[in-house]
file protein-v6.cif (mmCIF, C-alpha atoms)
data_input
#
loop_
_atom_site.label_atom_id
_atom_site.label_comp_id
_atom_site.auth_asym_id
_atom_site.auth_seq_id
_atom_site.Cartn_x
_atom_site.Cartn_y
_atom_site.Cartn_z
CA MET W 1 183.08 138.78 309.29
CA ALA W 2 179.57 138.15 310.54
CA TRP W 3 178.75 134.60 311.49
CA PHE W 4 175.04 135.18 311.23
CA ARG W 5 172.56 137.61 309.70
CA SER W 6 168.84 138.23 310.00
CA LYS W 7 166.61 136.92 307.23
CA LYS W 8 165.10 139.64 305.08
CA ASP W 9 162.56 139.68 302.33
CA ASP W 10 163.16 141.10 298.87
CA ALA W 11 162.48 144.64 300.09
CA GLY W 12 165.11 144.35 302.79
CA ALA W 13 162.67 144.16 305.71
CA PRO W 14 162.97 141.32 308.24
CA ALA W 15 161.01 138.23 307.10
CA ARG W 16 157.82 137.48 309.00
CA LYS W 17 157.49 134.16 310.81
CA VAL W 18 154.79 131.96 309.30
CA VAL W 19 152.45 130.62 311.99
CA ILE W 20 150.27 127.61 311.20
CA ALA W 21 147.14 127.59 313.34
CA GLU W 22 146.53 124.48 315.40
CA GLY W 23 143.63 122.25 314.51
CA LEU W 24 143.77 122.81 310.74
CA TRP W 25 144.64 119.17 310.13
CA ILE W 26 143.26 115.90 311.46
CA LYS W 27 144.47 112.31 311.25
CA CYS W 28 142.09 109.73 309.83
CA GLU W 29 141.87 106.69 312.10
CA SER W 30 141.29 104.40 309.13
CA CYS W 31 143.73 105.35 306.34
CA LYS W 32 146.09 107.20 308.77
CA ASP W 33 146.43 110.11 306.33
CA ILE W 34 146.55 113.69 307.56
CA VAL W 35 143.59 115.51 306.02
CA TYR W 36 142.43 119.11 306.02
CA ARG W 37 139.87 119.60 308.78
CA ALA W 38 137.71 121.94 306.70
CA GLU W 39 137.36 119.24 304.02
CA VAL W 40 136.30 116.74 306.67
CA GLU W 41 133.68 119.15 308.00
CA ARG W 42 132.34 119.91 304.52
CA SER W 43 131.83 116.21 303.82
CA GLY W 44 129.81 115.63 306.99
CA ARG W 45 132.74 114.57 309.21
CA VAL W 46 133.87 111.93 306.70
CA CYS W 47 137.45 111.40 305.50
CA PRO W 48 137.68 112.82 301.95
CA LYS W 49 140.27 110.19 300.98
CA CYS W 50 138.93 106.86 302.27
CA ARG W 51 135.31 107.85 303.19
CA TYR W 52 135.77 106.72 306.80
CA PRO W 53 133.09 108.38 309.00
CA PHE W 54 134.60 110.13 312.01
CA ARG W 55 132.78 109.88 315.33
CA ILE W 56 130.37 112.74 315.90
CA THR W 57 128.37 114.02 318.86
CA ALA W 58 124.71 113.31 319.47
CA ARG W 59 123.81 116.92 318.64
CA GLU W 60 125.71 116.75 315.34
CA ARG W 61 123.95 113.50 314.45
CA ILE W 62 120.53 114.94 315.23
CA ALA W 63 121.30 117.98 313.05
CA MET W 64 122.25 115.67 310.17
CA LEU W 65 119.20 113.40 310.48
CA ALA W 66 116.29 115.52 311.67
CA ASP W 67 114.62 118.22 309.60
CA GLU W 68 115.76 121.69 310.61
CA GLY W 69 114.06 122.84 313.80
CA ALA W 70 112.01 119.63 313.97
CA PHE W 71 113.61 117.94 317.00
CA GLU W 72 111.98 118.30 320.41
CA GLU W 73 114.00 116.73 323.21
CA GLN W 74 112.27 114.67 325.90
CA ASP W 75 113.50 113.94 329.45
CA GLY W 76 116.66 115.96 328.91
CA SER W 77 117.01 116.73 332.63
CA LEU W 78 117.27 113.10 333.76
CA GLN W 79 120.72 112.17 335.07
CA SER W 80 122.35 109.27 336.88
CA LEU W 81 123.02 109.11 340.60
CA ASP W 82 125.64 106.99 342.34
CA PRO W 83 123.59 104.12 343.86
CA LEU W 84 126.64 102.02 344.76
CA GLY W 85 128.92 104.82 345.96
CA PHE W 86 131.36 103.45 343.39
CA LYS W 87 135.01 104.46 343.31
CA ASP W 88 137.98 103.10 341.36
CA THR W 89 140.75 105.55 340.48
CA LYS W 90 138.05 108.22 340.59
CA ARG W 91 134.64 108.53 342.19
CA TYR W 92 131.75 107.72 339.86
CA ARG W 93 129.98 110.97 340.68
CA ASP W 94 133.14 112.85 339.64
CA ARG W 95 133.26 110.93 336.35
CA LEU W 96 129.64 111.89 335.70
CA LYS W 97 130.36 115.56 336.41
CA SER W 98 133.39 115.48 334.11
CA ALA W 99 131.37 113.89 331.27
CA GLN W 100 128.57 116.41 331.72
CA ASP W 101 130.99 119.33 331.58
CA LYS W 102 132.74 117.87 328.52
CA THR W 103 129.62 117.17 326.44
CA GLY W 104 127.01 119.57 327.78
CA LEU W 105 124.66 116.59 328.17
CA ARG W 106 123.14 115.10 331.31
CA GLU W 107 123.50 111.51 330.07
CA ALA W 108 124.87 109.41 327.22
CA VAL W 109 121.71 109.41 325.08
CA VAL W 110 119.53 112.21 323.72
CA CYS W 111 115.88 111.30 323.04
CA GLY W 112 113.05 113.24 321.49
CA VAL W 113 110.38 113.59 318.83
CA ALA W 114 111.58 114.57 315.36
CA ARG W 115 110.69 114.74 311.70
CA ILE W 116 112.96 113.10 309.14
CA GLY W 117 112.15 114.02 305.56
CA GLY W 118 108.75 115.12 306.82
CA TRP W 119 107.99 111.84 308.60
CA PRO W 120 107.34 112.11 312.36
CA THR W 121 109.38 109.72 314.49
CA VAL W 122 110.88 109.20 317.94
CA LEU W 123 114.65 109.62 317.64
CA CYS W 124 117.26 108.51 320.21
CA VAL W 125 120.97 109.20 319.64
CA PHE W 126 123.96 108.08 321.70
CA ASP W 127 126.98 110.28 322.37
CA PHE W 128 130.21 108.27 322.66
CA ASP W 129 131.98 111.22 324.30
CA PHE W 130 129.81 110.72 327.40
CA MET W 131 131.64 107.90 329.21
CA GLY W 132 131.95 105.88 326.02
CA GLY W 133 128.20 106.02 325.37
CA SER W 134 127.80 103.49 328.19
CA MET W 135 124.32 102.30 329.12
CA ALA W 136 123.45 103.32 332.66
CA SER W 137 120.12 102.99 334.44
CA VAL W 138 119.08 106.48 333.29
CA VAL W 139 120.02 105.64 329.69
CA GLY W 140 117.73 102.60 329.86
CA GLU W 141 115.00 104.70 331.44
CA LYS W 142 115.22 107.40 328.76
CA LEU W 143 115.09 104.81 325.97
CA THR W 144 112.13 103.05 327.58
CA ARG W 145 110.23 106.31 328.03
CA ALA W 146 110.94 107.21 324.40
CA ILE W 147 109.62 103.86 323.18
CA GLU W 148 106.52 104.19 325.36
CA LEU W 149 105.96 107.68 323.94
CA ALA W 150 106.17 106.19 320.44
CA VAL W 151 103.49 103.64 321.36
CA GLN W 152 101.30 106.41 322.75
CA LYS W 153 101.71 108.64 319.69
CA ARG W 154 101.76 105.74 317.17
CA LEU W 155 105.21 106.67 315.84
CA PRO W 156 108.19 104.66 314.62
CA VAL W 157 111.38 104.56 316.71
CA ILE W 158 114.93 105.18 315.52
CA ILE W 159 117.89 104.53 317.83
CA VAL W 160 121.40 105.52 316.72
CA SER W 161 123.87 103.55 318.82
CA ALA W 162 127.48 104.39 319.67
CA SER W 163 128.43 102.61 322.86
CA GLY W 164 131.02 100.59 324.70
CA GLY W 165 128.28 98.64 326.48
CA ALA W 166 126.81 98.63 329.99
CA ARG W 167 128.20 101.08 332.57
CA MET W 168 129.73 98.85 335.18
CA GLN W 169 129.93 101.60 337.84
CA GLU W 170 126.24 100.81 338.34
CA GLY W 171 126.69 97.03 338.44
CA ILE W 172 123.57 94.91 337.95
CA LEU W 173 121.44 98.05 337.59
CA SER W 174 123.09 98.80 334.26
CA LEU W 175 122.82 95.20 333.07
CA MET W 176 119.08 95.15 333.81
CA GLN W 177 118.61 97.87 331.17
CA MET W 178 119.18 95.20 328.52
CA ALA W 179 115.99 93.43 329.58
CA LYS W 180 114.13 96.68 330.21
CA THR W 181 114.74 98.16 326.77
CA SER W 182 114.12 94.83 325.03
CA ALA W 183 110.77 94.48 326.80
CA ALA W 184 109.80 98.00 325.72
CA LEU W 185 110.64 97.15 322.11
CA GLU W 186 108.49 94.03 322.38
CA ARG W 187 105.55 96.27 323.30
CA LEU W 188 106.36 98.46 320.30
CA ALA W 189 106.39 95.40 318.03
CA SER W 190 103.08 94.17 319.42
CA GLU W 191 101.58 97.51 318.35
CA ARG W 192 102.99 96.89 314.84
CA LEU W 193 105.11 100.04 314.96
CA PRO W 194 108.52 99.96 313.19
CA TYR W 195 111.91 100.20 314.86
CA LEU W 196 115.02 101.22 312.90
CA SER W 197 118.38 100.55 314.51
CA VAL W 198 121.39 102.51 313.23
CA LEU W 199 124.78 101.15 314.29
CA THR W 200 127.79 103.47 314.33
CA ASP W 201 131.38 103.09 315.45
CA PRO W 202 131.54 101.51 317.97
CA THR W 203 128.46 99.53 319.00
CA THR W 204 129.53 96.87 321.49
CA GLY W 205 128.77 95.09 324.75
CA GLY W 206 125.32 95.05 326.31
CA VAL W 207 123.95 97.54 323.78
CA THR W 208 124.71 95.12 320.95
CA ALA W 209 123.36 92.24 323.04
CA SER W 210 120.00 93.99 323.47
CA PHE W 211 118.17 96.76 321.62
CA ALA W 212 120.82 97.53 318.96
CA MET W 213 120.27 94.20 317.18
CA LEU W 214 116.48 94.06 317.56
CA GLY W 215 115.57 96.45 314.77
CA ASP W 216 113.03 95.62 312.08
CA VAL W 217 115.67 97.17 309.83
CA ILE W 218 119.30 97.41 310.96
CA LEU W 219 121.51 99.98 309.24
CA ALA W 220 125.21 100.55 309.83
CA GLU W 221 127.76 103.16 308.89
CA PRO W 222 130.80 101.96 306.91
CA ARG W 223 133.58 100.24 308.86
CA ALA W 224 131.81 100.58 312.21
CA LEU W 225 133.00 98.17 314.92
CA ILE W 226 129.98 96.08 315.93
CA GLY W 227 130.03 93.16 318.34
CA PHE W 228 129.73 92.00 321.93
CA ALA W 229 133.35 91.49 323.02
CA GLY W 230 136.14 93.22 321.14
CA PRO W 231 138.19 91.38 318.50
CA ARG W 232 141.33 91.37 320.67
CA VAL W 233 139.48 89.65 323.53
CA ILE W 234 137.96 87.09 321.17
CA ALA W 235 141.29 86.32 319.51
CA GLU W 236 142.95 85.81 322.90
CA THR W 237 140.08 83.60 324.07
CA ILE W 238 139.89 81.25 321.08
CA ARG W 239 143.63 81.55 320.32
CA GLN W 240 143.05 81.76 316.61
CA PRO W 241 143.50 84.56 314.08
CA LEU W 242 140.27 86.33 313.13
CA PRO W 243 139.08 86.90 309.54
CA GLU W 244 140.01 90.19 307.92
CA GLY W 245 137.45 92.87 308.70
CA PHE W 246 135.94 90.79 311.52
CA GLN W 247 133.19 92.68 313.40
CA ARG W 248 133.13 95.54 310.92
CA SER W 249 129.90 96.62 309.21
CA GLU W 250 130.77 95.09 305.86
CA PHE W 251 131.63 91.72 307.47
CA LEU W 252 128.28 91.70 309.31
CA LEU W 253 126.44 92.60 306.11
CA GLU W 254 128.02 89.63 304.31
CA HIS W 255 126.91 87.34 307.15
CA GLY W 256 123.34 88.63 307.34
CA GLN W 257 123.52 90.48 310.66
CA VAL W 258 122.78 93.94 309.27
CA ASP W 259 120.50 94.89 306.39
CA LEU W 260 122.35 97.83 304.84
CA VAL W 261 125.66 99.64 305.13
CA VAL W 262 124.93 103.28 304.37
CA GLU W 263 127.27 106.20 303.76
CA ARG W 264 126.67 109.05 306.18
CA ARG W 265 125.70 111.44 303.36
CA ASP W 266 122.95 109.00 302.29
CA LEU W 267 121.66 108.08 305.75
CA LYS W 268 118.87 110.65 306.07
CA ASP W 269 117.43 109.86 302.64
CA THR W 270 117.66 106.12 303.31
CA VAL W 271 115.82 106.50 306.63
CA ARG W 272 113.21 108.72 304.92
CA ARG W 273 112.49 106.06 302.31
CA ILE W 274 112.28 103.28 304.92
CA LEU W 275 109.82 105.32 306.98
CA ALA W 276 107.71 105.84 303.85
CA PHE W 277 107.78 102.09 303.17
CA PHE W 278 106.47 101.28 306.65
CA ALA W 279 103.82 103.99 306.32
CA ASP W 280 102.74 102.29 303.05
CA ARG W 281 102.79 105.63 301.29
CA PRO W 282 105.11 107.19 298.68
CA ALA W 283 108.15 108.94 300.11
CA LEU W 284 107.61 112.63 300.64
CA PRO W 285 109.59 114.88 298.27
CA VAL W 286 112.87 116.21 299.67
#
call {"tool": "encode", "arguments": {"input": "protein-v6.cif", "output": "structure tokens"}}
result
Amino acid sequence: MAWFRSKKDDAGAPARKVVIAEGLWIKCESCKDIVYRAEVERSGRVCPKCRYPFRITARERIAMLADEGAFEEQDGSLQSLDPLGFKDTKRYRDRLKSAQDKTGLREAVVCGVARIGGWPTVLCVFDFDFMGGSMASVVGEKLTRAIELAVQKRLPVIIVSASGGARMQEGILSLMQMAKTSAALERLASERLPYLSVLTDPTTGGVTASFAMLGDVILAEPRALIGFAGPRVIAETIRQPLPEGFQRSEFLLEHGQVDLVVERRDLKDTVRRILAFFADRPALPV
């Protein structure tokens, strides 16, 4: 008597093993459901069940916002050095090289001139995959140059933030970018040119404490974490429970710290209409 036998299909041939390709499914960080990756991609990297916007790269964001073929990058070759010769568990210069290889970028922000719904603008987009979108001296320099270019060309500025704050491997040099970028935006304001700040998940630390919250209009994606220190640090400091949804976009909207919470699919059209408002002309047709 046989203790085992091979599995066969109805025709008598051995059954074929079913192989499920890796990467077909992805876990939503918000609702914790496992969702089909293709559905997520079709909806603009948004969970089809709870509408939570997944983090995306700077290049993906630019493709979603800017008109096709209408983005011209500026200062793309600038990259950070290692002024302090910093080393913790890894040398800073090695961390930079690793981030550059991972993202294909030279630094954590991509800046350039674009058109959005036909309206010319200076567009700057952070990439959280590059060392947590941290603000280094070169990041501050690129933002400042972009703002100065906007003043020169008489264009509005849009900055899409996704950052863990200042890059402490550069010490005080990174912290000084808060003042540098804020001063550049003051020059933009004195020229009566608009600045739109778009906050995505997460926008924290020195970025929040400077240019991210200085917009004439501040937009945010749904459920984005926005604040200076994280909620865990705050709760441990004040030793009190925090309100539900604390530091999320919707909480900030209720308390007057952002102007609009906008679904990713509606962001380009919303920005287009705001640019038309500042130009004091009807919005261009889509």
call {"tool": "atom_distance", "arguments": {"input": "protein-v6.cif", "atom1": "atom CA of W:Pro243", "atom2": "atom CA of W:Ala166"}}
result
26.6 Å
call {"tool": "resolve_selection", "arguments": {"input": "protein-v6.cif", "expression": "the PyMOL selection byres ((chain W and resi 212) around 9)", "output": "PDB file with C-alpha atoms, keeping the file's coordinate frame"}}
result
ATOM      1  CA  ILE W 159     117.890 104.530 317.830  1.00  0.00           C
ATOM      2  CA  VAL W 160     121.400 105.520 316.720  1.00  0.00           C
ATOM      3  CA  SER W 161     123.870 103.550 318.820  1.00  0.00           C
ATOM      4  CA  SER W 197     118.380 100.550 314.510  1.00  0.00           C
ATOM      5  CA  VAL W 198     121.390 102.510 313.230  1.00  0.00           C
ATOM      6  CA  LEU W 199     124.780 101.150 314.290  1.00  0.00           C
ATOM      7  CA  THR W 203     128.460  99.530 319.000  1.00  0.00           C
ATOM      8  CA  GLY W 206     125.320  95.050 326.310  1.00  0.00           C
ATOM      9  CA  VAL W 207     123.950  97.540 323.780  1.00  0.00           C
ATOM     10  CA  THR W 208     124.710  95.120 320.950  1.00  0.00           C
ATOM     11  CA  ALA W 209     123.360  92.240 323.040  1.00  0.00           C
ATOM     12  CA  SER W 210     120.000  93.990 323.470  1.00  0.00           C
ATOM     13  CA  PHE W 211     118.170  96.760 321.620  1.00  0.00           C
ATOM     14  CA  MET W 213     120.270  94.200 317.180  1.00  0.00           C
ATOM     15  CA  LEU W 214     116.480  94.060 317.560  1.00  0.00           C
ATOM     16  CA  GLY W 215     115.570  96.450 314.770  1.00  0.00           C
ATOM     17  CA  ILE W 218     119.300  97.410 310.960  1.00  0.00           C
TER      18      ILE W 218
END
call {"tool": "resolve_selection", "arguments": {"input": "protein-v6.cif", "expression": "the PyMOL selection byres ((chain W and resi 47-59) around 9)", "output": "PyMOL selection string"}}
result
chain W and resi 28-31+33+35-36+39-41+43-46+60-64+103+108-110+124-129+160+162+200-202+221-224+263-264
call {"tool": "residues_around", "arguments": {"input": "protein-v6.cif", "residues": "W:Asp101", "least_positions_apart": "6", "cutoff": "12 Å", "atoms": "all atoms listed in the file", "output": "PDB file with C-alpha atoms, keeping the file's coordinate frame"}}
result
ATOM      1  CA  ASP W  94     133.140 112.850 339.640  1.00  0.00           C
ATOM      2  CA  ARG W  95     133.260 110.930 336.350  1.00  0.00           C
ATOM      3  CA  GLU W 107     123.500 111.510 330.070  1.00  0.00           C
ATOM      4  CA  ASP W 129     131.980 111.220 324.300  1.00  0.00           C
ATOM      5  CA  PHE W 130     129.810 110.720 327.400  1.00  0.00           C
ATOM      6  CA  MET W 131     131.640 107.900 329.210  1.00  0.00           C
TER       7      MET W 131
END
call {"tool": "resolve_selection", "arguments": {"input": "protein-v6.cif", "expression": "the PyMOL selection byres ((chain W and resi 86) around 12)", "output": "ChimeraX atom specification"}}
result
/W:81-85,87-96,167-171
call {"tool": "closest_residue", "arguments": {"input": "protein-v6.cif", "among": "W:Glu236, W:Asp67, W:Glu186, W:Glu244", "to": "W:Trp119", "atoms": "all atoms listed in the file"}}
result
W:Asp67
call {"tool": "atom_distance", "arguments": {"input": "protein-v6.cif", "atom1": "atom CA of W:Arg37", "atom2": "atom CA of W:Ala70"}}
result
28.3 Å
call {"tool": "closest_residue", "arguments": {"input": "protein-v6.cif", "among": "W:Met176, W:Ala66, W:Leu196, W:Thr204", "to": "W:Gly118", "atoms": "all atoms listed in the file"}}
result
W:Ala66
call {"tool": "atom_distance", "arguments": {"input": "protein-v6.cif", "atom1": "atom CA of W:Lys32", "atom2": "atom CA of W:Ala220"}}
result
21.9 Å
call {"tool": "residues_around", "arguments": {"input": "protein-v6.cif", "residues": "W:Glu191", "least_positions_apart": "4", "cutoff": "9 Å", "atoms": "all atoms listed in the file", "output": "PyMOL selection string"}}
result
chain W and resi 151+154+186-187
call {"tool": "residues_near_point", "arguments": {"input": "protein-v6.cif", "point": "(118.5, 114.4, 328.0)", "cutoff": "9 Å", "atoms": "only C-alpha atoms", "output": "list in words"}}
result
Glu73, Gln74, Asp75, Gly76, Ser77, Leu78, Gln79, Leu105, Arg106, Glu107, Ala108, Val109, Val110, Cys111, Gly112 and Lys142 of chain W
call {"tool": "residues_around", "arguments": {"input": "protein-v6.cif", "residues": "W:Tyr195", "least_positions_apart": "4", "cutoff": "8 Å", "atoms": "only C-alpha atoms", "output": "list in words"}}
result
Pro156, Val157, Ile158, Ile159, Leu185, Leu188, Ala189, Gly215, Asp216 and Val217 of chain W
call {"tool": "axis_aligned_box", "arguments": {"input": "protein-v6.cif", "around": "stretch 198-215 of chain W", "padding_each_side": "4 Å", "output": "lines of an AutoDock Vina configuration file"}}
result
center_x = 123.6
center_y = 97.9
center_z = 319.8
size_x = 24.0
size_y = 19.2
size_z = 21.1
call {"tool": "closest_residue", "arguments": {"input": "protein-v6.cif", "among": "W:Ser98, W:Leu24, W:Gly117, W:Gly140", "to": "W:Arg273", "atoms": "all atoms listed in the file"}}
result
W:Gly117
call {"tool": "closest_residue", "arguments": {"input": "protein-v6.cif", "among": "W:Met135, W:Ala150, W:Leu143, W:Ile116", "to": "W:Gly165", "atoms": "all atoms listed in the file"}}
result
W:Met135
call {"tool": "closest_residue", "arguments": {"input": "protein-v6.cif", "among": "W:Leu155, W:Leu65, W:Ile234, W:Val113", "to": "W:Lys268", "atoms": "all atoms listed in the file"}}
result
W:Leu65
